[in-house]
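What follows is structure.txt (compact mmCIF, C-alpha atoms).
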# COMPACT_ATOMS: atom_id res chain seq x y z
CA MET A 102 13.44 30.95 39.00
CA ALA A 103 14.18 27.53 37.54
CA ALA A 104 17.74 26.21 37.42
CA PRO A 105 19.52 26.67 34.04
CA ASN A 106 19.39 22.96 33.26
CA ALA A 107 15.79 22.44 34.39
CA PRO A 108 13.60 21.78 31.32
CA ILE A 109 10.64 24.02 30.62
CA VAL A 110 7.98 22.24 28.59
CA ILE A 111 5.20 23.75 26.49
CA ALA A 112 2.76 21.11 25.32
CA CYS A 113 0.90 21.19 22.01
CA LEU A 114 -1.84 23.79 22.18
CA GLN A 115 -5.43 22.70 21.77
CA PRO A 116 -7.02 23.78 18.46
CA GLY A 117 -9.45 26.08 20.25
CA ARG A 118 -6.59 28.10 21.69
CA ARG A 119 -4.74 28.63 18.43
CA SER A 120 -5.29 31.13 15.68
CA MET A 121 -6.50 29.96 12.27
CA GLN A 122 -3.24 31.24 10.77
CA ALA A 123 -1.20 29.10 13.16
CA MET A 124 -3.34 26.05 12.39
CA GLN A 125 -2.79 26.53 8.67
CA ARG A 126 0.96 26.94 9.15
CA SER A 127 1.26 23.67 11.02
CA SER A 128 -1.26 21.64 9.02
CA GLN A 129 1.50 19.72 7.28
CA THR A 130 3.64 19.09 10.36
CA ALA A 131 1.04 18.35 13.07
CA CYS A 132 2.32 18.37 16.64
CA LYS A 133 6.08 17.82 16.67
CA ARG A 134 8.48 17.62 19.60
CA ILE A 135 11.07 20.41 19.52
CA LEU A 136 14.03 20.81 21.86
CA LEU A 137 15.01 24.47 22.23
CA VAL A 138 18.49 25.10 23.66
CA GLU A 139 18.91 28.79 24.50
CA ASP A 140 20.44 30.31 27.64
CA ASP A 141 18.89 33.77 27.13
CA ALA A 142 15.74 33.16 29.20
CA PRO A 143 13.58 36.01 27.77
CA LEU A 144 14.45 35.07 24.18
CA ALA A 145 13.90 31.37 24.91
CA ALA A 146 10.45 32.16 26.32
CA GLU A 147 9.52 34.13 23.18
CA ILE A 148 10.76 31.44 20.83
CA ALA A 149 8.95 28.73 22.80
CA LEU A 150 5.68 30.67 22.57
CA VAL A 151 6.10 31.15 18.81
CA LEU A 152 6.77 27.45 18.27
CA GLY A 153 3.97 26.49 20.64
CA ASP A 154 1.59 28.75 18.71
CA GLY A 155 2.68 26.83 15.61
CA GLY A 156 1.19 23.72 17.21
CA HIS A 157 4.34 22.07 18.55
CA ALA A 158 5.43 20.70 21.92
CA VAL A 159 8.53 22.58 23.05
CA THR A 160 11.07 21.52 25.67
CA SER A 161 13.40 24.39 26.60
CA LEU A 162 16.86 23.99 28.14
CA GLY A 163 19.57 26.56 28.76
CA ASP A 164 22.58 24.29 29.09
CA GLY A 165 24.46 22.40 26.37
CA GLY A 166 25.39 19.43 28.55
CA ALA A 167 21.81 18.87 29.70
CA ALA A 168 20.63 19.20 26.10
CA LEU A 169 23.13 16.55 24.98
CA GLU A 170 21.75 14.05 27.47
CA ALA A 171 18.10 14.93 26.75
CA SER A 172 18.46 14.68 22.97
CA SER A 173 20.41 11.43 23.25
CA ALA A 174 17.85 9.80 25.54
CA GLU A 175 14.62 11.11 23.97
CA GLN A 176 13.26 11.35 20.46
CA PHE A 177 12.76 14.92 19.21
CA ASP A 178 11.65 15.94 15.73
CA LEU A 179 13.81 19.07 15.68
CA LEU A 180 16.46 20.89 17.72
CA VAL A 181 16.80 24.68 17.78
CA VAL A 182 20.25 25.33 19.24
CA ASP A 183 21.95 28.58 20.21
CA ARG A 184 25.60 28.69 19.15
CA MET A 185 26.93 30.31 22.35
CA LEU A 186 25.93 28.19 25.35
CA PRO A 187 27.41 27.79 28.82
CA GLY A 188 29.47 24.65 29.29
CA LEU A 189 29.08 22.76 26.03
CA ASP A 190 28.68 25.23 23.16
CA GLY A 191 26.10 24.75 20.43
CA LEU A 192 28.43 23.49 17.70
CA SER A 193 30.08 21.00 20.05
CA LEU A 194 26.62 19.83 21.09
CA VAL A 195 25.63 19.19 17.48
CA ALA A 196 28.93 17.47 16.70
CA ARG A 197 28.58 15.19 19.74
CA LEU A 198 25.06 14.23 18.70
CA ARG A 199 26.22 13.33 15.20
CA GLU A 200 28.99 11.21 16.73
CA ARG A 201 26.28 9.38 18.69
CA HIS A 202 24.38 8.80 15.42
CA VAL A 203 21.56 11.13 16.42
CA HIS A 204 20.44 12.65 13.12
CA THR A 205 17.61 14.86 14.36
CA PRO A 206 17.45 18.03 12.21
CA VAL A 207 19.13 21.03 13.86
CA LEU A 208 18.52 24.75 13.32
CA VAL A 209 21.49 26.71 14.69
CA ILE A 210 20.77 30.28 15.85
CA SER A 211 23.65 32.68 16.49
CA ALA A 212 24.73 36.30 16.69
CA LEU A 213 27.77 35.30 14.60
CA GLY A 214 26.60 35.96 11.07
CA ALA A 215 29.78 35.94 8.97
CA VAL A 216 29.81 33.51 6.07
CA ASP A 217 32.65 31.41 7.53
CA GLU A 218 30.75 31.14 10.83
CA ARG A 219 27.65 29.89 9.06
CA VAL A 220 29.77 27.37 7.16
CA ARG A 221 31.24 26.15 10.46
CA GLY A 222 27.75 25.67 11.82
CA LEU A 223 26.69 23.57 8.85
CA LYS A 224 29.91 21.55 8.83
CA ALA A 225 29.42 20.73 12.51
CA GLY A 226 26.20 18.97 11.54
CA GLY A 227 23.60 21.74 11.54
CA ASP A 228 20.88 21.59 8.90
CA ASP A 229 20.19 25.34 8.81
CA TYR A 230 21.68 28.51 10.32
CA LEU A 231 19.75 31.63 11.36
CA THR A 232 21.53 34.82 12.41
CA LYS A 233 20.35 36.92 15.37
CA PRO A 234 18.47 39.18 15.53
CA PHE A 235 15.84 37.48 13.42
CA ALA A 236 12.14 37.93 12.72
CA PHE A 237 10.05 35.28 14.48
CA VAL A 238 8.07 34.73 11.29
CA GLU A 239 11.33 33.67 9.57
CA LEU A 240 12.23 31.40 12.49
CA ALA A 241 8.80 29.75 12.25
CA ALA A 242 9.15 29.32 8.47
CA ARG A 243 12.58 27.68 8.79
CA VAL A 244 11.30 25.36 11.51
CA GLU A 245 8.34 24.29 9.38
CA ALA A 246 10.63 23.72 6.37
CA LEU A 247 12.92 21.44 8.39
CA LEU A 248 9.96 19.54 9.84
CA ARG A 249 8.57 18.92 6.35
CA ARG A 250 11.74 17.17 5.24
CA PRO A 251 11.45 13.39 4.91
CA GLN A 252 12.54 11.60 8.06
CA ASP A 253 16.25 10.85 8.05
CA THR A 254 16.52 7.17 7.25
CA ARG A 255 20.17 7.20 8.38
CA GLN A 256 19.12 7.09 12.03
CA THR A 257 19.91 3.63 13.35
CA VAL A 258 19.18 3.91 17.06
CA PHE A 259 15.87 4.88 18.66
CA ARG A 260 15.67 5.57 22.40
CA PHE A 261 12.44 6.13 24.29
CA GLY A 262 12.76 5.95 28.05
CA PRO A 263 13.74 2.36 28.95
CA LEU A 264 13.25 1.07 25.39
CA VAL A 265 16.13 1.09 22.87
CA MET A 266 16.07 -0.21 19.29
CA ASP A 267 19.28 -0.65 17.28
CA LEU A 268 18.62 -1.16 13.56
CA VAL A 269 22.21 -2.19 12.80
CA SER A 270 22.46 -4.99 15.36
CA ARG A 271 18.72 -5.73 14.99
CA THR A 272 18.28 -5.69 18.76
CA VAL A 273 15.74 -4.26 21.19
CA THR A 274 16.38 -3.79 24.89
CA ARG A 275 14.28 -2.60 27.80
CA ASP A 276 16.16 -1.37 30.87
CA GLY A 277 19.23 -3.02 29.36
CA ALA A 278 17.62 -6.45 29.07
CA ALA A 279 17.21 -8.00 25.61
CA VAL A 280 13.70 -8.24 24.16
CA ASP A 281 13.36 -11.20 21.79
CA LEU A 282 11.26 -10.15 18.80
CA LEU A 283 10.28 -12.05 15.68
CA PRO A 284 11.13 -10.29 12.37
CA ARG A 285 7.56 -9.05 11.85
CA GLU A 286 7.36 -7.79 15.43
CA PHE A 287 10.63 -5.93 14.93
CA GLN A 288 9.27 -4.29 11.76
CA LEU A 289 6.07 -3.34 13.54
CA LEU A 290 7.89 -1.79 16.49
CA GLU A 291 10.27 0.12 14.21
CA TYR A 292 7.30 1.57 12.32
CA LEU A 293 5.70 2.73 15.58
CA MET A 294 8.94 4.09 17.09
CA ARG A 295 9.53 6.21 13.99
CA ARG A 296 6.16 7.89 14.68
CA PRO A 297 6.03 8.57 18.44
CA GLY A 298 2.84 10.22 19.60
CA GLN A 299 1.22 9.87 16.17
CA LEU A 300 -1.92 7.90 15.41
CA VAL A 301 -1.10 4.89 13.25
CA THR A 302 -4.12 3.22 11.70
CA ARG A 303 -4.56 -0.49 11.06
CA ALA A 304 -4.74 0.27 7.33
CA MET A 305 -1.34 2.02 7.49
CA LEU A 306 0.21 -0.99 9.21
CA LEU A 307 -1.30 -3.49 6.78
CA GLU A 308 -0.09 -1.46 3.79
CA ASP A 309 3.36 -0.45 5.05
CA VAL A 310 4.42 -3.35 7.28
CA TRP A 311 2.59 -6.27 5.65
CA GLN A 312 2.67 -4.71 2.15
CA TYR A 313 -1.02 -5.38 1.52
CA ARG A 314 -2.48 -3.30 -1.29
CA PHE A 315 -5.97 -3.76 0.07
CA VAL A 316 -7.35 -3.78 3.60
CA PRO A 317 -8.71 -7.23 4.43
CA LYS A 318 -11.15 -7.86 7.26
CA THR A 319 -8.74 -9.44 9.71
CA ASN A 320 -7.50 -9.10 13.27
CA LEU A 321 -3.94 -9.74 12.12
CA VAL A 322 -2.68 -6.35 13.32
CA ASP A 323 -4.35 -6.62 16.72
CA VAL A 324 -2.91 -10.09 17.30
CA HIS A 325 0.63 -8.91 16.54
CA ILE A 326 0.20 -5.73 18.60
CA GLY A 327 -0.95 -7.86 21.54
CA LYS A 328 2.14 -10.07 21.32
CA LEU A 329 4.42 -7.05 20.90
CA ARG A 330 2.91 -5.35 23.95
CA ARG A 331 3.55 -8.36 26.16
CA LYS A 332 7.20 -8.41 25.10
CA ILE A 333 8.10 -4.72 25.37
CA ASP A 334 6.01 -3.59 28.34
CA GLY A 335 8.15 -5.57 30.75
CA GLY A 336 5.33 -6.26 33.17
CA SER A 337 4.46 -2.56 33.47
CA ALA A 338 0.83 -1.70 34.12
CA THR A 339 1.12 1.08 31.52
CA SER A 340 1.58 -0.02 27.92
CA LEU A 341 3.88 1.83 25.51
CA ILE A 342 1.35 1.13 22.73
CA VAL A 343 -2.06 2.69 23.33
CA SER A 344 -5.13 1.57 21.39
CA VAL A 345 -7.42 4.20 19.89
CA ARG A 346 -10.87 2.64 19.73
CA GLY A 347 -11.94 1.76 16.21
CA THR A 348 -8.94 3.49 14.60
CA GLY A 349 -5.47 2.27 15.44
CA PHE A 350 -2.60 2.75 17.85
CA VAL A 351 -0.27 5.37 19.29
CA PHE A 352 3.26 4.67 20.52
CA THR A 353 3.56 6.66 23.74
CA PRO A 354 7.11 6.67 25.17
CA ALA A 355 7.36 6.13 28.91
Reformat the file's structure so that it appears as structure tokens.
Amino acid sequence: MAAPNAPIVIACLQPGRRSMQAMQRSSQTACKRILLVEDDAPLAAEIALVLGDGGHAVTSLGDGGAALEASSAEQFDLLVVDRMLPGLDGLSLVARLRERHVHTPVLVISALGAVDERVRGLKAGGDDYLTKPFAFVELAARVEALLRRPQDTRQTVFRFGPLVMDLVSRTVTRDGAAVDLLPREFQLLEYLMRRPGQLVTRAMLLEDVWQYRFVPKTNLVDVHIGKLRRKIDGGSATSLIVSVRGTGFVFTPA
């Protein structure tokens, strides 16, 4: 049996392995990264399977302290957090994350269903509160609703492995060392880091980063991506920005 703080990861299921109903449910949210924090192993396994069937990549942890470090160091699209956890409880976990300016949406799940308990969960920084026992179909619906919300523009720090971007200080570091970016390169990297694992087309970059209202025949994007790669990859043989032939690019955190 795995240790309580050892992560269990369920990757996005391939379309051929998923039901048509599940594909329709997740059509608007694609494959998102979800951190599940639940110390009841059987329940965690069931929830992870439900979310995985919805087309999402699920990382499962059973310890609040480990979840705090994981969600501070990595970029998740959603956290599903049990209120009663060993060590650091769920509400303290959420409050600590908000103190660290991590604004990832959080669904709190708990056996404490009184109104004042739900209010406490929301005041701690939770975005929604679901009382146990719950129907998995309701859990899935609440997850999809949170994932459909516009991305929180309040987030000012993005961390992916060795790469950290701070929007307030306008700095980027890799392994603690400063990466000197030109303003356009900074904009380009921010756009990619807000969409980890997602395909970003050249047309999207020209329209949203360069503000073009038409798509000219130019290698402008490729030239800037090439310069950005050389600056952020730090001599690594594996690039953080992967090219998709004839289409665009994917930011793949190390």
Inset, instruction - Would you please work out which residue, of A:Arg271, A:Arg249, A:Arg346, A:Arg197, is nearest to Thr302 in chain A when using only C-alpha atoms? - result: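 Looking at the shortest contact to Thr302 in chain A, the residue is A:Arg346.
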Legend entry - Gap from CA of Phe287 in chain A to CA of Leu248 in chain A - Å, one decimal: 26.0 Å
Could you list, as a PDB file with C-alpha atoms, keeping the file's coordinate frame, every residue within 9 Å of range 173-188 of chain A, counting only C-alpha atoms and ignoring same-chain residues fewer than 6 positions away?
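Final output, part-v7.pdb:
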ATOM      1  CA  LYS A 133       6.080  17.820  16.670  1.00  0.00           C
ATOM      2  CA  ARG A 134       8.480  17.620  19.600  1.00  0.00           C
ATOM      3  CA  ILE A 135      11.070  20.410  19.520  1.00  0.00           C
ATOM      4  CA  LEU A 136      14.030  20.810  21.860  1.00  0.00           C
ATOM      5  CA  LEU A 137      15.010  24.470  22.230  1.00  0.00           C
ATOM      6  CA  VAL A 138      18.490  25.100  23.660  1.00  0.00           C
ATOM      7  CA  GLU A 139      18.910  28.790  24.500  1.00  0.00           C
ATOM      8  CA  ASP A 140      20.440  30.310  27.640  1.00  0.00           C
ATOM      9  CA  GLY A 163      19.570  26.560  28.760  1.00  0.00           C
ATOM     10  CA  ASP A 164      22.580  24.290  29.090  1.00  0.00           C
ATOM     11  CA  GLY A 165      24.460  22.400  26.370  1.00  0.00           C
ATOM     12  CA  GLY A 166      25.390  19.430  28.550  1.00  0.00           C
ATOM     13  CA  LEU A 194      26.620  19.830  21.090  1.00  0.00           C
ATOM     14  CA  VAL A 195      25.630  19.190  17.480  1.00  0.00           C
ATOM     15  CA  LEU A 198      25.060  14.230  18.700  1.00  0.00           C
ATOM     16  CA  ARG A 201      26.280   9.380  18.690  1.00  0.00           C
ATOM     17  CA  VAL A 203      21.560  11.130  16.420  1.00  0.00           C
ATOM     18  CA  THR A 205      17.610  14.860  14.360  1.00  0.00           C
ATOM     19  CA  PRO A 206      17.450  18.030  12.210  1.00  0.00           C
ATOM     20  CA  VAL A 207      19.130  21.030  13.860  1.00  0.00           C
ATOM     21  CA  LEU A 208      18.520  24.750  13.320  1.00  0.00           C
ATOM     22  CA  VAL A 209      21.490  26.710  14.690  1.00  0.00           C
ATOM     23  CA  ILE A 210      20.770  30.280  15.850  1.00  0.00           C
ATOM     24  CA  SER A 211      23.650  32.680  16.490  1.00  0.00           C
ATOM     25  CA  ALA A 212      24.730  36.300  16.690  1.00  0.00           C
ATOM     26  CA  LEU A 213      27.770  35.300  14.600  1.00  0.00           C
ATOM     27  CA  GLY A 222      27.750  25.670  11.820  1.00  0.00           C
ATOM     28  CA  VAL A 244      11.300  25.360  11.510  1.00  0.00           C
ATOM     29  CA  LEU A 247      12.920  21.440   8.390  1.00  0.00           C
ATOM     30  CA  LEU A 248       9.960  19.540   9.840  1.00  0.00           C
ATOM     31  CA  GLN A 252      12.540  11.600   8.060  1.00  0.00           C
ATOM     32  CA  PHE A 259      15.870   4.880  18.660  1.00  0.00           C
ATOM     33  CA  ARG A 260      15.670   5.570  22.400  1.00  0.00           C
ATOM     34  CA  PHE A 261      12.440   6.130  24.290  1.00  0.00           C
ATOM     35  CA  GLY A 262      12.760   5.950  28.050  1.00  0.00           C
ATOM     36  CA  PRO A 297       6.030   8.570  18.440  1.00  0.00           C
ATOM     37  CA  PRO A 354       7.110   6.670  25.170  1.00  0.00           C
TER      38      PRO A 354
END
Inset, instruction - Quick one: everything within 6 Å of range 298-300 of chain A, counting only C-alpha atoms, minus sequence neighbours fewer than 6 positions away in the same chain. Send it as a list in words. - result: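 Residues meeting the cut-off are Phe350, Val351, Phe352 and Thr353 of chain A.
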Inset, instruction - Provide the CA of Asp276 in chain A to CA of Pro263 in chain A distance in Å, to one decimal place. - result: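 Taking CA of Asp276 in chain A as the start and CA of Pro263 in chain A as the end point, the length is 4.8 Å.
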Inset, instruction - Work out how far CA of Gln256 in chain A is from CA of Asp323 in chain A, in Å to one decimal. - result: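 Those two atoms sit 27.6 Å apart.
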Inset, instruction - Give me the residues within 8 Å of range 310-314 of chain A as an NGL selection string, counting all atoms listed in the file and dropping any in the same chain fewer than 2 places off. - result: :A and (285 or 288-289 or 292 or 305-308 or 316)
Inset, instruction - Could you give me, as JSON, numbers by chain, the residues that have an atom at most 9 Å away from the point (26.8, 18.1, 11.2) in the coordinates of the file, using all atoms listed in the file? - result: {"A": [192, 195, 196, 198, 199, 204, 207, 222, 223, 224, 225, 226, 227, 228]}
Legend entry - Contacts of Asp334 in chain A within 12 Å, only C-alpha atoms, excl. fewer than 2 positions in-chain, as a ChimeraX atom specification: /A:262-264,274-276,278,280,326-332,336-343,352-355
Legend entry - Using all atoms listed in the file: which of A:Leu162, A:Val258, A:Leu152, A:Ala215 has the shortest distance to Arg295 in chain A: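 Smallest distance to Arg295 in chain A is found for A:Val258.
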Inset, instruction - Find, counting only C-alpha atoms, the residue in A:Phe237, A:Asp229, A:Thr319, A:Leu189 that gets nearest to Ala167 in chain A. - result: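 For Ala167 in chain A, the nearest of the given residues is A:Leu189.
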Legend entry - Counting all atoms listed in the file, the residue of A:Met294, A:Leu282, A:Leu268, A:Ala304 that sits nearest His202 in chain A: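 Counting all atoms listed in the file, the residue closest to His202 in chain A is A:Leu268.
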Inset, instruction - Have a look at A:Ala149, A:Val220, A:Cys132, A:Leu144 and name the one nearest to Ala241 in chain A; count only C-alpha atoms. - result: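 Selected residue with least distance to Ala241 in chain A: A:Ala149.
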Mind working out the centre and edge lengths of an axis-aligned box for range 234-253 of chain A, all listed atoms inside, 5 Å added to each side, rounded to one decimal in Å and written as lines of an AutoDock Vina configuration file?
center_x = 13.3
center_y = 25.0
center_z = 10.2
size_x = 20.4
size_y = 38.3
size_z = 20.6
